[in-house]
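Peer 1: Coordinates in work_36.cif, mmCIF, C-alpha atoms, are listed below.
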```cif
data_my_file
#
loop_
_atom_site.label_atom_id
_atom_site.label_comp_id
_atom_site.auth_asym_id
_atom_site.auth_seq_id
_atom_site.Cartn_x
_atom_site.Cartn_y
_atom_site.Cartn_z
CA MET A 302 0.00 0.00 0.00
CA ILE A 303 1.29 3.42 -0.98
CA LEU A 304 1.98 6.05 1.66
CA TYR A 305 0.79 9.53 0.71
CA PRO A 306 2.24 11.98 3.22
CA ALA A 307 -0.03 15.04 3.25
CA ILE A 308 0.86 18.67 3.10
CA ASP A 309 -2.02 21.08 3.63
CA ILE A 310 -1.27 24.66 2.69
CA ARG A 311 -2.99 27.66 4.18
CA GLY A 312 -1.67 31.20 3.90
CA GLY A 313 1.53 29.79 2.42
CA LYS A 314 2.21 27.57 5.47
CA ALA A 315 1.92 23.84 6.04
CA VAL A 316 -0.98 23.32 8.47
CA ARG A 317 -3.45 20.66 9.60
CA LEU A 318 -7.09 21.30 10.35
CA THR A 319 -9.13 19.18 12.72
CA GLU A 320 -12.27 17.78 11.09
CA GLY A 321 -11.88 20.30 8.31
CA ASP A 322 -12.64 23.15 10.69
CA PHE A 323 -10.86 26.33 9.64
CA GLY A 324 -11.12 27.55 13.23
CA ARG A 325 -9.05 24.60 14.47
CA GLU A 326 -5.73 24.86 12.70
CA THR A 327 -2.21 23.89 13.72
CA ALA A 328 0.78 25.22 11.77
CA TYR A 329 3.67 22.76 11.47
CA HIS A 330 6.07 24.30 8.98
CA ASP A 331 6.39 27.89 7.87
CA ASP A 332 7.55 26.72 4.47
CA PRO A 333 5.67 23.78 2.92
CA VAL A 334 8.72 23.12 0.73
CA ASP A 335 10.68 22.24 3.88
CA ALA A 336 7.92 19.86 4.90
CA ALA A 337 7.97 18.25 1.44
CA LEU A 338 11.75 17.90 1.39
CA ARG A 339 11.69 16.12 4.73
CA PHE A 340 9.67 13.40 3.06
CA ALA A 341 12.14 13.22 0.17
CA GLU A 342 14.89 11.85 2.37
CA ALA A 343 12.76 8.98 3.55
CA GLY A 344 12.05 7.38 0.18
CA VAL A 345 8.46 8.51 -0.21
CA LYS A 346 6.95 7.78 -3.67
CA ILE A 347 4.34 10.55 -3.84
CA ILE A 348 2.86 13.29 -1.66
CA HIS A 349 -0.64 14.66 -1.39
CA VAL A 350 -0.88 18.44 -1.33
CA VAL A 351 -4.05 20.33 -0.47
CA ASP A 352 -4.55 24.01 -1.13
CA LEU A 353 -6.85 24.72 1.83
CA ASP A 354 -7.34 28.35 0.84
CA GLY A 355 -8.24 27.09 -2.63
CA ALA A 356 -10.72 24.56 -1.22
CA ARG A 357 -12.42 27.33 0.70
CA LYS A 358 -12.47 29.81 -2.17
CA GLY A 359 -13.40 27.31 -4.90
CA ALA A 360 -10.32 28.18 -6.96
CA PRO A 361 -6.61 27.51 -6.42
CA VAL A 362 -4.84 30.12 -4.29
CA ASN A 363 -1.42 28.69 -3.44
CA VAL A 364 -0.30 27.78 -6.98
CA ALA A 365 3.10 29.46 -6.63
CA THR A 366 3.81 27.47 -3.47
CA ILE A 367 2.70 24.25 -5.16
CA ARG A 368 5.01 24.99 -8.07
CA ARG A 369 7.90 25.47 -5.63
CA ILE A 370 7.12 22.11 -4.04
CA ALA A 371 6.87 20.35 -7.41
CA ASP A 372 10.19 21.85 -8.47
CA ALA A 373 11.91 20.90 -5.24
CA VAL A 374 10.89 17.30 -4.59
CA PRO A 375 12.23 14.22 -6.39
CA PHE A 376 8.87 12.46 -6.62
CA PRO A 377 5.42 13.13 -8.10
CA ILE A 378 2.86 15.23 -6.26
CA GLU A 379 -0.92 14.98 -6.17
CA VAL A 380 -2.73 18.28 -5.67
CA GLY A 381 -6.25 19.22 -4.68
CA GLY A 382 -8.22 22.14 -3.34
CA GLY A 383 -10.73 24.25 -5.22
CA LEU A 384 -10.18 22.71 -8.65
CA ARG A 385 -13.46 23.40 -10.41
CA THR A 386 -12.53 24.62 -13.89
CA PRO A 387 -10.52 23.18 -16.81
CA GLU A 388 -8.26 26.24 -16.59
CA SER A 389 -7.40 25.74 -12.92
CA ILE A 390 -6.61 22.07 -13.57
CA ALA A 391 -4.41 22.96 -16.54
CA ASP A 392 -2.65 25.56 -14.33
CA LEU A 393 -1.87 22.99 -11.65
CA LEU A 394 -0.62 20.42 -14.16
CA ARG A 395 1.61 23.10 -15.66
CA ALA A 396 2.83 23.98 -12.19
CA GLY A 397 4.13 20.42 -11.91
CA ALA A 398 1.28 18.46 -10.33
CA GLU A 399 1.29 14.89 -11.61
CA ARG A 400 -2.25 14.26 -10.44
CA VAL A 401 -5.13 16.58 -9.65
CA VAL A 402 -7.91 15.94 -7.18
CA ILE A 403 -11.37 17.24 -7.93
CA GLY A 404 -14.30 17.00 -5.56
CA THR A 405 -17.26 19.31 -5.61
CA ALA A 406 -17.08 19.96 -9.35
CA ALA A 407 -17.02 16.24 -10.16
CA MET A 408 -20.30 15.80 -8.29
CA ARG A 409 -22.06 18.91 -9.53
CA ASP A 410 -20.98 18.96 -13.14
CA PRO A 411 -20.94 15.59 -14.98
CA GLN A 412 -19.92 17.26 -18.24
CA PHE A 413 -16.86 18.83 -16.59
CA LEU A 414 -15.90 15.50 -15.03
CA ALA A 415 -16.22 13.68 -18.37
CA GLU A 416 -14.05 16.27 -20.10
CA MET A 417 -11.34 16.15 -17.45
CA LEU A 418 -11.24 12.33 -17.48
CA GLU A 419 -10.93 12.48 -21.27
CA GLN A 420 -8.32 15.24 -21.42
CA HIS A 421 -6.12 14.06 -18.55
CA PRO A 422 -6.23 10.26 -18.47
CA GLU A 423 -4.71 8.74 -15.35
CA ARG A 424 -4.17 12.18 -13.83
CA VAL A 425 -7.58 12.83 -12.28
CA VAL A 426 -8.53 11.69 -8.78
CA VAL A 427 -12.09 12.25 -7.60
CA SER A 428 -12.35 13.14 -3.95
CA VAL A 429 -15.38 11.89 -2.07
CA ASP A 430 -15.84 13.27 1.42
CA ALA A 431 -18.56 11.95 3.70
CA ARG A 432 -19.99 12.70 7.10
CA GLY A 433 -22.23 10.01 8.54
CA GLY A 434 -22.08 8.20 5.20
CA LYS A 435 -23.47 11.24 3.32
CA ILE A 436 -21.50 13.29 0.83
CA SER A 437 -20.18 16.70 1.89
CA LEU A 438 -19.21 19.29 -0.71
CA ALA A 439 -17.35 22.59 -0.96
CA GLY A 440 -14.45 21.95 1.39
CA TRP A 441 -16.77 19.99 3.70
CA SER A 442 -18.90 23.04 4.48
CA GLU A 443 -21.90 21.81 2.53
CA PRO A 444 -23.61 18.59 3.68
CA THR A 445 -25.92 16.69 1.30
CA ASP A 446 -28.32 13.74 1.51
CA VAL A 447 -26.43 11.76 -1.10
CA ASP A 448 -25.28 8.36 0.15
CA VAL A 449 -21.54 7.89 -0.34
CA VAL A 450 -21.91 4.36 -1.71
CA ASP A 451 -24.42 5.51 -4.35
CA ALA A 452 -22.16 8.39 -5.32
CA ILE A 453 -19.11 6.14 -5.68
CA ALA A 454 -21.01 3.64 -7.82
CA ASP A 455 -22.35 6.42 -10.04
CA LEU A 456 -18.93 8.06 -10.47
CA THR A 457 -17.36 4.68 -11.27
CA ALA A 458 -19.93 4.18 -14.02
CA ARG A 459 -18.93 7.56 -15.40
CA GLY A 460 -15.32 6.46 -15.80
CA VAL A 461 -13.56 7.58 -12.63
CA GLU A 462 -10.41 5.48 -12.20
CA ARG A 463 -9.17 6.67 -8.84
CA PHE A 464 -10.97 7.94 -5.75
CA LEU A 465 -9.84 9.68 -2.63
CA PHE A 466 -12.19 8.82 0.22
CA THR A 467 -12.32 10.77 3.48
CA PRO A 468 -14.77 10.15 6.33
CA ILE A 469 -14.81 13.67 7.73
CA GLU A 470 -15.65 12.78 11.30
CA VAL A 471 -12.31 11.07 11.83
CA ASP A 472 -10.08 13.39 9.78
CA GLY A 473 -7.32 15.11 11.71
CA THR A 474 -8.30 13.33 14.94
CA LEU A 475 -5.58 10.64 15.09
CA GLY A 476 -8.41 8.46 16.43
CA GLY A 477 -8.13 5.69 13.84
CA PRO A 478 -9.43 5.22 10.29
CA GLY A 479 -13.09 4.69 9.42
CA PHE A 480 -12.55 1.04 8.54
CA GLU A 481 -16.21 0.19 8.05
CA GLN A 482 -16.93 3.17 5.84
CA LEU A 483 -13.82 2.43 3.79
CA ALA A 484 -14.92 -1.17 3.32
CA ARG A 485 -18.33 -0.03 2.02
CA VAL A 486 -16.76 2.46 -0.36
CA ALA A 487 -14.12 0.05 -1.67
CA ALA A 488 -16.78 -2.60 -2.30
CA ALA A 489 -18.84 -0.12 -4.32
CA THR A 490 -16.18 0.41 -7.00
CA SER A 491 -13.65 -1.36 -9.17
CA ALA A 492 -11.55 1.81 -9.27
CA SER A 493 -8.52 2.47 -7.06
CA VAL A 494 -9.20 4.08 -3.70
CA ILE A 495 -6.88 6.25 -1.66
CA TYR A 496 -7.99 6.45 1.94
CA SER A 497 -7.62 9.52 4.13
CA GLY A 498 -8.58 10.28 7.70
CA GLY A 499 -7.82 9.47 11.32
CA VAL A 500 -4.53 7.57 11.00
CA GLY A 501 -2.78 8.02 14.33
CA THR A 502 -0.68 4.92 14.93
CA LEU A 503 1.41 2.38 13.07
CA ASP A 504 -1.19 -0.20 14.03
CA ASP A 505 -3.76 1.80 12.03
CA LEU A 506 -1.51 1.47 9.00
CA LYS A 507 -0.84 -2.21 9.59
CA ARG A 508 -4.55 -2.88 9.93
CA LEU A 509 -5.28 -0.99 6.69
CA ARG A 510 -2.58 -3.00 4.97
CA ALA A 511 -3.98 -6.26 6.28
CA GLU A 512 -7.72 -5.64 6.05
CA ALA A 513 -8.47 -3.15 3.31
CA ALA A 514 -9.76 -4.42 -0.04
CA PRO A 515 -7.18 -4.90 -2.82
CA ASN A 516 -8.37 -1.79 -4.66
CA VAL A 517 -7.43 0.40 -1.68
CA GLU A 518 -4.08 1.41 -3.15
CA GLY A 519 -2.88 3.96 -0.67
CA VAL A 520 -3.37 5.96 2.49
CA ILE A 521 -2.88 9.61 3.23
CA VAL A 522 -1.14 10.43 6.50
CA GLY A 523 -0.89 13.99 7.74
CA ARG A 524 -0.98 14.98 11.36
CA ALA A 525 0.53 11.75 12.69
CA LEU A 526 3.70 12.41 10.67
CA TYR A 527 3.87 16.08 11.57
CA GLU A 528 3.48 15.27 15.27
CA GLU A 529 6.04 12.49 14.91
CA ARG A 530 3.76 9.76 16.25
CA PHE A 531 5.86 7.63 13.93
CA THR A 532 8.45 8.24 11.25
CA VAL A 533 8.01 8.05 7.50
CA ASP A 534 10.35 5.04 7.47
CA GLU A 535 8.16 3.27 10.02
CA ALA A 536 5.03 4.11 8.05
CA LEU A 537 6.57 2.81 4.82
CA ALA A 538 7.57 -0.40 6.59
CA ALA A 539 4.09 -0.84 8.11
CA LEU A 540 2.51 -0.55 4.66
CA ALA A 541 5.03 -2.70 2.79
CA MET B 1091 34.00 17.15 -4.35
CA ALA B 1092 37.70 17.30 -5.29
CA GLU B 1093 37.13 18.33 -8.87
CA PRO B 1094 35.07 21.43 -9.61
CA ALA B 1095 31.33 20.82 -9.88
CA PRO B 1096 30.35 20.19 -13.50
CA GLN B 1097 28.23 22.74 -15.31
CA VAL B 1098 25.12 20.97 -16.56
CA LEU B 1099 22.73 22.80 -18.85
CA VAL B 1100 19.06 21.81 -18.97
CA LEU B 1101 17.97 22.63 -22.51
CA ASP B 1102 14.95 24.87 -22.70
CA TYR B 1103 13.09 24.65 -25.99
CA GLY B 1104 9.70 25.56 -24.61
CA MET B 1105 8.39 22.10 -23.72
CA GLY B 1106 7.47 21.89 -20.05
CA ASN B 1107 8.65 22.94 -16.64
CA LEU B 1108 12.39 22.38 -16.25
CA ARG B 1109 12.94 23.63 -12.74
CA SER B 1110 12.54 20.19 -11.14
CA VAL B 1111 15.39 18.79 -13.26
CA GLU B 1112 17.54 21.81 -12.46
CA LYS B 1113 16.79 21.54 -8.72
CA ALA B 1114 17.57 17.83 -8.68
CA LEU B 1115 20.94 18.48 -10.37
CA GLU B 1116 21.76 21.17 -7.82
CA HIS B 1117 20.78 18.73 -5.08
CA VAL B 1118 23.42 16.27 -6.29
CA GLY B 1119 26.12 18.93 -6.40
CA ALA B 1120 26.17 19.97 -10.04
CA ARG B 1121 26.08 23.58 -11.17
CA ALA B 1122 22.83 23.53 -13.08
CA SER B 1123 21.17 26.09 -15.27
CA VAL B 1124 18.32 26.22 -17.74
CA GLY B 1125 18.90 27.72 -21.16
CA ALA B 1126 19.32 27.29 -24.87
CA GLY B 1127 21.98 29.81 -25.80
CA ARG B 1128 24.63 28.68 -28.27
CA GLY B 1129 27.45 29.84 -26.00
CA ALA B 1130 25.98 28.17 -22.92
CA ILE B 1131 25.49 24.92 -24.80
CA ARG B 1132 29.10 24.91 -26.03
CA ALA B 1133 30.45 25.84 -22.59
CA ALA B 1134 28.49 23.17 -20.68
CA ASP B 1135 30.17 20.02 -19.33
CA GLY B 1136 26.95 18.15 -19.93
CA LEU B 1137 23.53 18.66 -21.47
CA ILE B 1138 20.12 17.43 -20.44
CA LEU B 1139 17.36 17.23 -23.03
CA PRO B 1140 14.07 17.09 -21.14
CA GLY B 1141 10.70 16.88 -22.77
CA VAL B 1142 7.01 16.79 -22.13
CA GLY B 1143 4.38 16.62 -24.83
CA ALA B 1144 4.33 15.40 -28.40
CA PHE B 1145 7.36 14.34 -30.44
CA PRO B 1146 6.58 16.25 -33.69
CA ARG B 1147 5.96 19.54 -31.89
CA ALA B 1148 9.16 19.14 -29.86
CA MET B 1149 11.25 18.47 -33.00
CA GLU B 1150 9.68 21.46 -34.69
CA ARG B 1151 10.83 23.71 -31.86
CA ILE B 1152 14.26 22.07 -31.73
CA ARG B 1153 14.79 22.61 -35.47
CA ALA B 1154 13.45 26.16 -35.35
CA THR B 1155 16.17 27.09 -32.85
CA GLY B 1156 18.99 25.13 -34.48
CA LEU B 1157 19.27 22.96 -31.39
CA ASP B 1158 19.39 19.84 -33.57
CA GLU B 1159 22.70 20.85 -35.18
CA LEU B 1160 24.17 21.99 -31.88
CA LEU B 1161 23.30 18.67 -30.24
CA ALA B 1162 24.91 16.75 -33.12
CA GLU B 1163 28.01 18.93 -32.73
CA ARG B 1164 28.22 18.42 -28.96
CA ALA B 1165 27.61 14.66 -29.25
CA ALA B 1166 30.47 14.46 -31.78
CA ALA B 1167 32.66 16.45 -29.40
CA GLY B 1168 31.97 13.91 -26.63
CA THR B 1169 29.90 16.17 -24.39
CA PRO B 1170 27.64 13.91 -22.28
CA ILE B 1171 23.98 14.28 -23.25
CA LEU B 1172 21.08 12.82 -21.26
CA GLY B 1173 17.61 12.75 -22.79
CA ILE B 1174 14.76 12.37 -20.29
CA CYS B 1175 11.29 11.00 -21.13
CA LEU B 1176 10.33 12.55 -24.49
CA GLY B 1177 13.91 13.83 -24.53
CA MET B 1178 15.15 10.23 -24.74
CA GLN B 1179 12.78 9.50 -27.61
CA LEU B 1180 13.99 12.59 -29.48
CA LEU B 1181 17.52 11.11 -29.58
CA PHE B 1182 16.30 8.43 -32.01
CA GLU B 1183 15.80 8.58 -35.76
CA HIS B 1184 12.04 8.63 -36.06
CA SER B 1185 8.77 8.49 -34.14
CA GLU B 1186 5.35 7.37 -35.30
CA GLU B 1187 3.62 9.74 -32.86
CA LEU B 1188 0.88 11.94 -34.38
CA GLY B 1189 1.55 10.94 -37.98
CA GLY B 1190 5.30 10.66 -37.53
CA ALA B 1191 8.36 12.88 -37.46
CA GLU B 1192 12.12 12.64 -37.84
CA GLY B 1193 14.16 12.80 -34.63
CA LEU B 1194 17.70 13.91 -33.80
CA GLY B 1195 19.18 10.65 -35.04
CA LEU B 1196 21.89 10.51 -32.38
CA LEU B 1197 20.84 6.91 -31.68
CA PRO B 1198 19.72 4.32 -34.25
CA GLY B 1199 16.14 3.13 -33.94
CA ALA B 1200 12.56 4.33 -33.99
CA VAL B 1201 9.92 5.28 -31.44
CA THR B 1202 6.58 3.49 -31.53
CA MET B 1203 3.46 3.12 -29.39
CA LEU B 1204 3.66 0.97 -26.27
CA ASP B 1205 2.42 -2.51 -27.11
CA ALA B 1206 0.20 -2.98 -24.07
CA PRO B 1207 -3.10 -4.52 -25.16
CA GLY B 1208 -5.75 -4.31 -22.46
CA LEU B 1209 -3.71 -1.88 -20.36
CA LYS B 1210 -4.26 1.82 -19.90
CA VAL B 1211 -2.08 4.15 -21.93
CA PRO B 1212 -0.40 6.45 -20.97
CA ASN B 1213 1.54 4.27 -18.61
CA ILE B 1214 1.88 6.38 -15.46
CA GLY B 1215 3.51 5.16 -12.29
CA TRP B 1216 6.47 3.48 -10.66
CA ALA B 1217 7.98 0.45 -12.35
CA PRO B 1218 11.01 -1.66 -11.43
CA VAL B 1219 13.78 -1.09 -13.96
CA ARG B 1220 16.09 -3.96 -14.83
CA TRP B 1221 19.62 -3.09 -15.86
CA GLU B 1222 20.56 -5.10 -18.94
CA ARG B 1223 24.25 -4.36 -18.45
CA GLU B 1224 26.59 -2.37 -16.26
CA SER B 1225 27.03 1.33 -16.85
CA ARG B 1226 28.61 4.35 -15.24
CA LEU B 1227 25.15 5.97 -15.49
CA THR B 1228 23.50 3.38 -13.25
CA SER B 1229 26.40 2.59 -10.95
CA GLY B 1230 25.28 2.10 -7.34
CA ILE B 1231 21.60 1.58 -8.23
CA ALA B 1232 20.31 -1.97 -7.80
CA SER B 1233 18.63 -3.65 -10.74
CA GLU B 1234 14.81 -3.73 -10.36
CA THR B 1235 14.75 -0.44 -8.43
CA PRO B 1236 11.48 1.40 -9.18
CA PHE B 1237 11.53 4.57 -11.28
CA TYR B 1238 8.68 6.92 -12.16
CA LEU B 1239 7.34 6.79 -15.72
CA VAL B 1240 4.80 8.81 -17.71
CA HIS B 1241 4.63 7.77 -21.38
CA SER B 1242 2.63 6.29 -24.26
CA PHE B 1243 5.50 5.69 -26.69
CA VAL B 1244 8.76 3.77 -26.40
CA ALA B 1245 12.06 3.81 -28.23
CA ARG B 1246 13.28 0.67 -29.98
CA PRO B 1247 17.07 0.92 -29.62
CA SER B 1248 19.69 -1.41 -31.04
CA ALA B 1249 20.65 -4.18 -28.65
CA ALA B 1250 24.09 -2.64 -28.20
CA ASP B 1251 22.62 0.59 -26.83
CA LEU B 1252 20.10 -1.00 -24.47
CA LEU B 1253 20.84 -0.22 -20.83
CA GLY B 1254 17.61 -0.75 -18.91
CA THR B 1255 14.13 -2.20 -19.41
CA ALA B 1256 10.79 -2.22 -17.62
CA GLU B 1257 7.57 -4.15 -18.11
CA TYR B 1258 4.20 -2.76 -19.19
CA GLY B 1259 2.37 -5.12 -21.53
CA GLU B 1260 5.76 -5.71 -23.09
CA ARG B 1261 9.34 -5.39 -21.89
CA PHE B 1262 10.42 -2.01 -23.23
CA ALA B 1263 13.60 0.05 -23.31
CA CYS B 1264 13.69 2.69 -20.60
CA ALA B 1265 17.41 3.49 -20.47
CA VAL B 1266 19.94 3.66 -23.29
CA GLU B 1267 23.62 4.51 -23.70
CA ARG B 1268 25.87 4.96 -26.72
CA ASP B 1269 29.26 6.62 -26.19
CA SER B 1270 28.42 9.85 -24.38
CA VAL B 1271 24.73 9.88 -25.32
CA PHE B 1272 22.32 8.62 -22.65
CA GLY B 1273 18.56 8.35 -22.43
CA ALA B 1274 16.08 7.65 -19.63
CA GLN B 1275 12.41 7.06 -20.43
CA PHE B 1276 11.67 7.43 -16.69
CA HIS B 1277 11.95 10.72 -14.83
CA PRO B 1278 15.07 10.57 -12.64
CA GLU B 1279 14.09 13.92 -11.12
CA LYS B 1280 10.85 12.32 -9.87
CA SER B 1281 12.26 8.91 -8.93
CA SER B 1282 13.34 9.51 -5.36
CA GLU B 1283 16.85 8.54 -4.22
CA ALA B 1284 17.52 6.19 -7.13
CA GLY B 1285 16.75 8.97 -9.60
CA LEU B 1286 18.99 11.40 -7.77
CA GLN B 1287 21.76 8.77 -7.77
CA LEU B 1288 21.42 8.46 -11.54
CA LEU B 1289 21.65 12.25 -11.93
CA ALA B 1290 24.66 12.29 -9.61
CA ASN B 1291 26.26 9.61 -11.80
CA PHE B 1292 25.52 11.71 -14.88
CA ALA B 1293 27.07 14.76 -13.22
CA GLY B 1294 30.13 12.61 -12.46
CA ILE B 1295 30.35 11.59 -16.12
CA CYS B 1296 30.12 15.28 -17.10
CA ALA B 1297 32.93 16.18 -14.68
CA LYS B 1298 35.22 13.64 -16.34
CA ALA B 1299 34.23 14.46 -19.92
CA PRO B 1300 36.67 16.19 -22.29
CA ALA B 1301 36.91 19.92 -21.65
CA ALA B 1302 34.19 21.89 -23.40
CA ALA B 1303 35.14 23.83 -26.51
#
```
Step by step, read the file and then write its structure as structure tokens.

Peer 2:
Amino acid sequence: MILYPAIDIRGGKAVRLTEGDFGRETAYHDDPVDAALRFAEAGVKIIHVVDLDGARKGAPVNVATIRRIADAVPFPIEVGGGLRTPESIADLLRAGAERVVIGTAAMRDPQFLAEMLEQHPERVVVSVDARGGKISLAGWSEPTDVDVVDAIADLTARGVERFLFTPIEVDGTLGGPGFEQLARVAAATSASVIYSGGVGTLDDLKRLRAEAAPNVEGVIVGRALYEERFTVDEALAALA
Amino acid sequence: MAEPAPQVLVLDYGMGNLRSVEKALEHVGARASVGAGRGAIRAADGLILPGVGAFPRAMERIRATGLDELLAERAAAGTPILGICLGMQLLFEHSEELGGAEGLGLLPGAVTMLDAPGLKVPNIGWAPVRWERESRLTSGIASETPFYLVHSFVARPSAADLLGTAEYGERFACAVERDSVFGAQFHPEKSSEAGLQLLANFAGICAKAPAAA
């Protein structure tokens, strides 16, 4: 299983939010490039970068910072946060993102999703965020009544090849992954799934490695790495 | 480093972001710059030909700036040249991409579509690369170490030039070497420590190359 160390950028700094709450933020690195380079030494294969300001605004904000990260690190980066137009996605790919994550726009605009899957094969990840098993949109601020399993099945039928699934209630808590929700989501699709949310211990990673369905290809780890609950080397070993 | 750091020029012909290659070279101790000036090309200890996008468009730009003749001149002079991704493909004689185009012809062989029936193309991701022989370019990197690839086409080199292969539907060439001309289908600048080691090896080759004209 692939480790995706996370870097969340807000106001040009690397931060983590708790449960997506902009009022509960912890800054870990003044320069996100430093945070990214720390991962480089450990043999990481990819990182997951979120433009939190972009997610909130609905359009990328920290593109210059993302470009600096892409230039600096010797591995591919996956980027999300506020990507809702073809232009913003093209901008991020030009800035050096190898993969882009789209969320709200993929749900709201089927035409847009189809075009992006067509224009950027293998580079588009669709992010599905859920609270209580129901989809949340717009940087988690907008709850819906759409069941996550229905949404995943529908998006799979429309050609999505890779999902990022986050159960919001556990994200940033270090309280353990939402194993049951992940199992439901993974069973609803033949596409690859990257899991995000709640990883706090090496045992969480080992359990994901052992129990998650074969199409769960990777896991995003943020706060636990920043707070040094374990090292990147240990995480890589737990997932190997 | 006992000897002065080699000056490696990343050739800019308007195809893609080159900063990551430049940064990775700096990281391994080379003096790196991005450019396409005639003087800079002739003064460099080594040249990197990167590339993102389509083969015909890239060759069009290369010809428009006279870079094709300069590269032939530097190759003849023994200046180490490393083509990365599309840049490796451009070293060959011809590609069938988008109706076909002539390449730089520094290496014999053609570039054709990946033969990967039933698999998604482009091939994007990490793949273990097998070294087919020893080389100063790959020294210190174990065979079957994963490198990061993004491509739909592959070069078909002569057996003598084949340095490394990977598997995707077929076993394809992803590293080549002939005299001082090298190619990597993978992205060393995005391939973690192994990629940086390869760039460090290339910088070492540049440092030992005959003095630039």

Peer 1: What's the 6 Å shell around stretch 1229-1240 of chain B, counting only C-alpha atoms, without same-chain residues fewer than 4 positions away, as a PyMOL selection string?

Peer 2: chain B and resi 1213-1221+1276-1277+1281

Peer 1: The PyMOL selection byres ((chain B and resi 1164-1170) around 12) on the file shown: which residues, as a tab-separated table (two decimals) with C-alpha atoms, in the frame of the given file?

Peer 2:
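Result saved to part02.tsv:
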```tsv
chain	number	residue	atom	x	y	z
B	1096	PRO	CA	30.35	20.19	-13.50
B	1097	GLN	CA	28.23	22.74	-15.31
B	1098	VAL	CA	25.12	20.97	-16.56
B	1099	LEU	CA	22.73	22.80	-18.85
B	1128	ARG	CA	24.63	28.68	-28.27
B	1129	GLY	CA	27.45	29.84	-26.00
B	1130	ALA	CA	25.98	28.17	-22.92
B	1131	ILE	CA	25.49	24.92	-24.80
B	1132	ARG	CA	29.10	24.91	-26.03
B	1133	ALA	CA	30.45	25.84	-22.59
B	1134	ALA	CA	28.49	23.17	-20.68
B	1135	ASP	CA	30.17	20.02	-19.33
B	1136	GLY	CA	26.95	18.15	-19.93
B	1137	LEU	CA	23.53	18.66	-21.47
B	1138	ILE	CA	20.12	17.43	-20.44
B	1139	LEU	CA	17.36	17.23	-23.03
B	1157	LEU	CA	19.27	22.96	-31.39
B	1158	ASP	CA	19.39	19.84	-33.57
B	1159	GLU	CA	22.70	20.85	-35.18
B	1160	LEU	CA	24.17	21.99	-31.88
B	1161	LEU	CA	23.30	18.67	-30.24
B	1162	ALA	CA	24.91	16.75	-33.12
B	1163	GLU	CA	28.01	18.93	-32.73
B	1171	ILE	CA	23.98	14.28	-23.25
B	1172	LEU	CA	21.08	12.82	-21.26
B	1173	GLY	CA	17.61	12.75	-22.79
B	1181	LEU	CA	17.52	11.11	-29.58
B	1194	LEU	CA	17.70	13.91	-33.80
B	1195	GLY	CA	19.18	10.65	-35.04
B	1196	LEU	CA	21.89	10.51	-32.38
B	1197	LEU	CA	20.84	6.91	-31.68
B	1226	ARG	CA	28.61	4.35	-15.24
B	1227	LEU	CA	25.15	5.97	-15.49
B	1267	GLU	CA	23.62	4.51	-23.70
B	1268	ARG	CA	25.87	4.96	-26.72
B	1269	ASP	CA	29.26	6.62	-26.19
B	1270	SER	CA	28.42	9.85	-24.38
B	1271	VAL	CA	24.73	9.88	-25.32
B	1272	PHE	CA	22.32	8.62	-22.65
B	1273	GLY	CA	18.56	8.35	-22.43
B	1291	ASN	CA	26.26	9.61	-11.80
B	1292	PHE	CA	25.52	11.71	-14.88
B	1293	ALA	CA	27.07	14.76	-13.22
B	1294	GLY	CA	30.13	12.61	-12.46
B	1295	ILE	CA	30.35	11.59	-16.12
B	1296	CYS	CA	30.12	15.28	-17.10
B	1297	ALA	CA	32.93	16.18	-14.68
B	1298	LYS	CA	35.22	13.64	-16.34
B	1299	ALA	CA	34.23	14.46	-19.92
B	1300	PRO	CA	36.67	16.19	-22.29
B	1301	ALA	CA	36.91	19.92	-21.65
B	1302	ALA	CA	34.19	21.89	-23.40
B	1303	ALA	CA	35.14	23.83	-26.51
```

Peer 1: Given all atoms listed in the file as the basis, pick out the residue of A:Glu462, A:Asp534, A:Asp372, A:Asp472 nearest to chain B.

Peer 2: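 The answer is A:Asp372, which sits nearest to chain B.
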
Peer 1: With all atoms listed in the file as the basis for distance, which of A:Ala337, A:Ile378, A:Ala492, A:Ala356 is at the shortest distance from chain B?

Peer 2: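 For chain B, the nearest of the candidates is A:Ile378.
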
Peer 1: Counting all atoms listed in the file, which residues from chain A have an atom at most 6 Å from any atom of chain B, and could you show them as a short mmCIF file (atom, residue, chain, number, x, y, z; two decimals) with C-alpha atoms, in the coordinates of the input?

Peer 2:
```
data_model
loop_
_atom_site.label_atom_id
_atom_site.label_comp_id
_atom_site.auth_asym_id
_atom_site.auth_seq_id
_atom_site.Cartn_x
_atom_site.Cartn_y
_atom_site.Cartn_z
CA ASP A 372 10.19 21.85 -8.47
CA ALA A 373 11.91 20.90 -5.24
CA PRO A 375 12.23 14.22 -6.39
CA PHE A 376 8.87 12.46 -6.62
CA PRO A 377 5.42 13.13 -8.10
#
```

Peer 1: Quick one: residues within 10 Å of A:Val500, all atoms listed in the file, excluding same-chain residues fewer than 3 positions away - as a ChimeraX atom specification?

Peer 2: /A:471-479,496-497,503-506,509,520-526

Peer 1: Just give me the gap between atom CA of B:Gly1189 and atom CA of B:Glu1260 in Å, one decimal is fine.

Peer 2: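 Those two atoms sit 22.7 Å apart.
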
Peer 1: Have a look at atom CA of A:Leu394 and atom CA of A:Phe413 and let me know their distance in Å, one decimal.

Peer 2: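 Atom-to-atom, atom CA of A:Leu394 and atom CA of A:Phe413 are spaced 16.5 Å apart.
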
Peer 1: For atom CA of A:Lys358 and atom CA of A:Gly383, quote the distance in Å rounded to one decimal.

Peer 2: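 These two atoms are separated by 6.6 Å.
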